[in-house]
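One structure is given below, encoded as structure tokens.
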Amino acid sequence: MSDDYLWDPSGPPDPEIERLERALGRLRTTAPAPDFAAIGPAAARAARYVGSRFLGPALAAAAVIALMVGAAWQSTRTTTSWHVARVSGTPRIGARGVSDASRLAIGETLATDASSTARVEVSTVGEVTIAENTRVRLVDARDAHYQLALERGSLHAVITAPPGQFVVNTPSATATDLGCVYTLRVEEDGTGLLSVAAGWVAFEDTGRESFVPAGASSRTSPHNGPGTPSYDDADAAFQQALQIVDAERSDARRPDALRTVVTRARGRDAMTLWHLIPRVSAAERSTVVDALAARVAMPRGVTRDAVMRLDRDALDRWWDALGLLDAGWWRKWKQPIAGLRN
């Protein structure tokens, strides 16, 4: 926004200032200005009395309103764009190269090529490093609503915001930060990989959700959405079999792959088995439920029938028994902006 608009309407209008003008415009007086030349001495004394009694507070109120307008304008300026720094090469925001003073505004796209990288300051709550050959767009930058869209390439996020405030959209899933450090990559075909180094990330799309803890990853694809998360230190056979189970129910390799997953799962892979319960067919579900029960017993009051029906309360209580994170906590924090896609 040009500063000229705040003092005279010669610059381009700012939406927030226009909103305040419309709101305050209802208080505008339509009465004509008084003819001070016609006011006699007595009336002038009365006018001075009235002015001292009432005009002072009115001017004070006007000053407060002016400060509010200025503060709102300044807030708009600082929260609708983020600072971008060049790390290497020549990253670009639209057609312009990134300099030390560059800012990424809502709707703008930051792009890097094979020899450039950049760093984006996410307001005051963290930073995102943009890797080579990456396109990322700023979707929202309001206080407590920080949202990027990763179109392709890779980013590394270090976020200290309260859970649920930082979101990254991809073509096949939305990553909601639950207080963490993570890397997210999107390939040209829309497939992707989320890897969490610290904290948690909620990874979801159209009702299919994964809650990915530190040391774990989750793949995603436009066809199936977020995949079943697994720990990065699981053995290769377990990982490969899980990808087959996630891919297609019609895959002829699926029965053997599911058998490999449930037999090779370690105690800590109960996290993966829990996520797998609603993702397999009803005929396969019993096998997964038995495998999870062999590693973590069902809590008191949770029945096998309820789990087989995919009763949400029963599944959440079993999750709590894994000793990872209370289900109510992450369900609460992912709600404010989960599912946002732009």
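Ordered as shown in the structure tokens, chains take letters A, B, and onward, while each chain numbers its residues from 1 and ligands are numbered from 1 in the order shown.
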I need the helix (DSSP H, G or I) residues of range 51-278 of chain A per DSSP on the backbone, written as JSON, numbers by chain. {"A": [51, 52, 53, 54, 55, 56, 57, 58, 59, 60, 61, 62, 63, 64, 65, 66, 67, 68, 69, 70, 71, 72, 73, 74, 75, 76, 77, 78, 79, 236, 237, 238, 239, 240, 241, 242, 243, 244, 245, 246, 247, 254, 255, 256, 257, 258, 259, 260, 261, 262, 263, 264, 267, 268, 269, 270, 271, 272, 273, 274, 275, 276, 277, 278]}
Mind checking which residues fall within 6 Å of range 87-95 of chain A, counting only C-alpha atoms, ignoring those fewer than 5 positions away in the same chain, and posting them as number ranges by chain? A: 109-112, 115-118
Pick out the closest residue to Arg264 in chain A from this set: A:Gly301, A:Leu292, A:Gly323, A:Val120. Count only C-alpha atoms. A:Leu292
Could you list, as a VMD selection string, every residue within 8 Å of Thr303 in chain A, counting only C-alpha atoms and ignoring same-chain residues fewer than 4 positions away? chain A and resid 298 307 314
Could those residues be written to a file, using C-alpha atoms, as a compact mmCIF listing (two decimals), in the first residue's frame?
# COMPACT_ATOMS: atom_id res chain seq x y z
CA MET A 298 -6.74 -52.91 24.50
CA VAL A 307 -12.65 -51.25 17.13
CA ALA A 314 -12.52 -46.74 21.05
With a distance cut-off of 9 Å and only C-alpha atoms, select the neighbouring residues of Val262 in chain A, excluding the residue or stretch itself and same-chain residues fewer than 6 positions from it, and output the selection as a list in words. Phe238, Leu273, Thr287, Val288, Asp290, Ala291 and Leu292 of chain A
Applying 9 Å and only C-alpha atoms, which residues near Glu127 in chain A remain after dropping the ones on its own chain fewer than 5 positions away? List them as an MDAnalysis selection string. chainID A and resid 119:122 156:159
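We find CA of Thr129 in chain A and CA of Val181 in chain A to be spaced 11.3 Å apart.
Among the candidate residues A:Ile130, A:Val186, A:Leu104, A:Ala175, the one lying nearest to Ala202 in chain A is A:Ala175, with distances computed using only C-alpha atoms.
Distance annotation: of A:Asp316, A:Met308, A:Arg152, A:Leu322, the residue with the minimal separation from Val296 in chain A is A:Leu322; atom set is only C-alpha atoms.
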Selection near Pro299 in chain A, 8 Å with only C-alpha atoms, sequence-local residues under 2 positions removed, as an mmCIF file with C-alpha atoms, in the first residue's frame:
data_model
loop_
_atom_site.group_PDB
_atom_site.id
_atom_site.type_symbol
_atom_site.label_atom_id
_atom_site.label_comp_id
_atom_site.auth_asym_id
_atom_site.auth_seq_id
_atom_site.Cartn_x
_atom_site.Cartn_y
_atom_site.Cartn_z
ATOM 1 C CA ALA A 297 -3.339 -54.487 25.006
ATOM 2 C CA GLY A 301 -13.649 -50.596 28.372
ATOM 3 C CA VAL A 302 -12.507 -50.822 24.741
ATOM 4 C CA ARG A 317 -8.554 -44.618 23.735
ATOM 5 C CA TRP A 318 -6.404 -47.362 22.257
ATOM 6 C CA ALA A 321 -2.555 -46.518 25.474
#
Would you please give, as a list in words, all residues of range 203-235 of chain A that DSSP assigns to strand (DSSP E) based on the backbone? Phe203, Glu204, Asp205, Arg208, Glu209, Ser210, Phe211, Val212, Pro213, Ala216, Ser217, Ser218, Arg219, Thr220, Ser221, Gly225, Pro226, Ser230 and Tyr231 of chain A
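Between CA of Asp311 in chain A and CA of Ala234 in chain A the separation is 28.4 Å.
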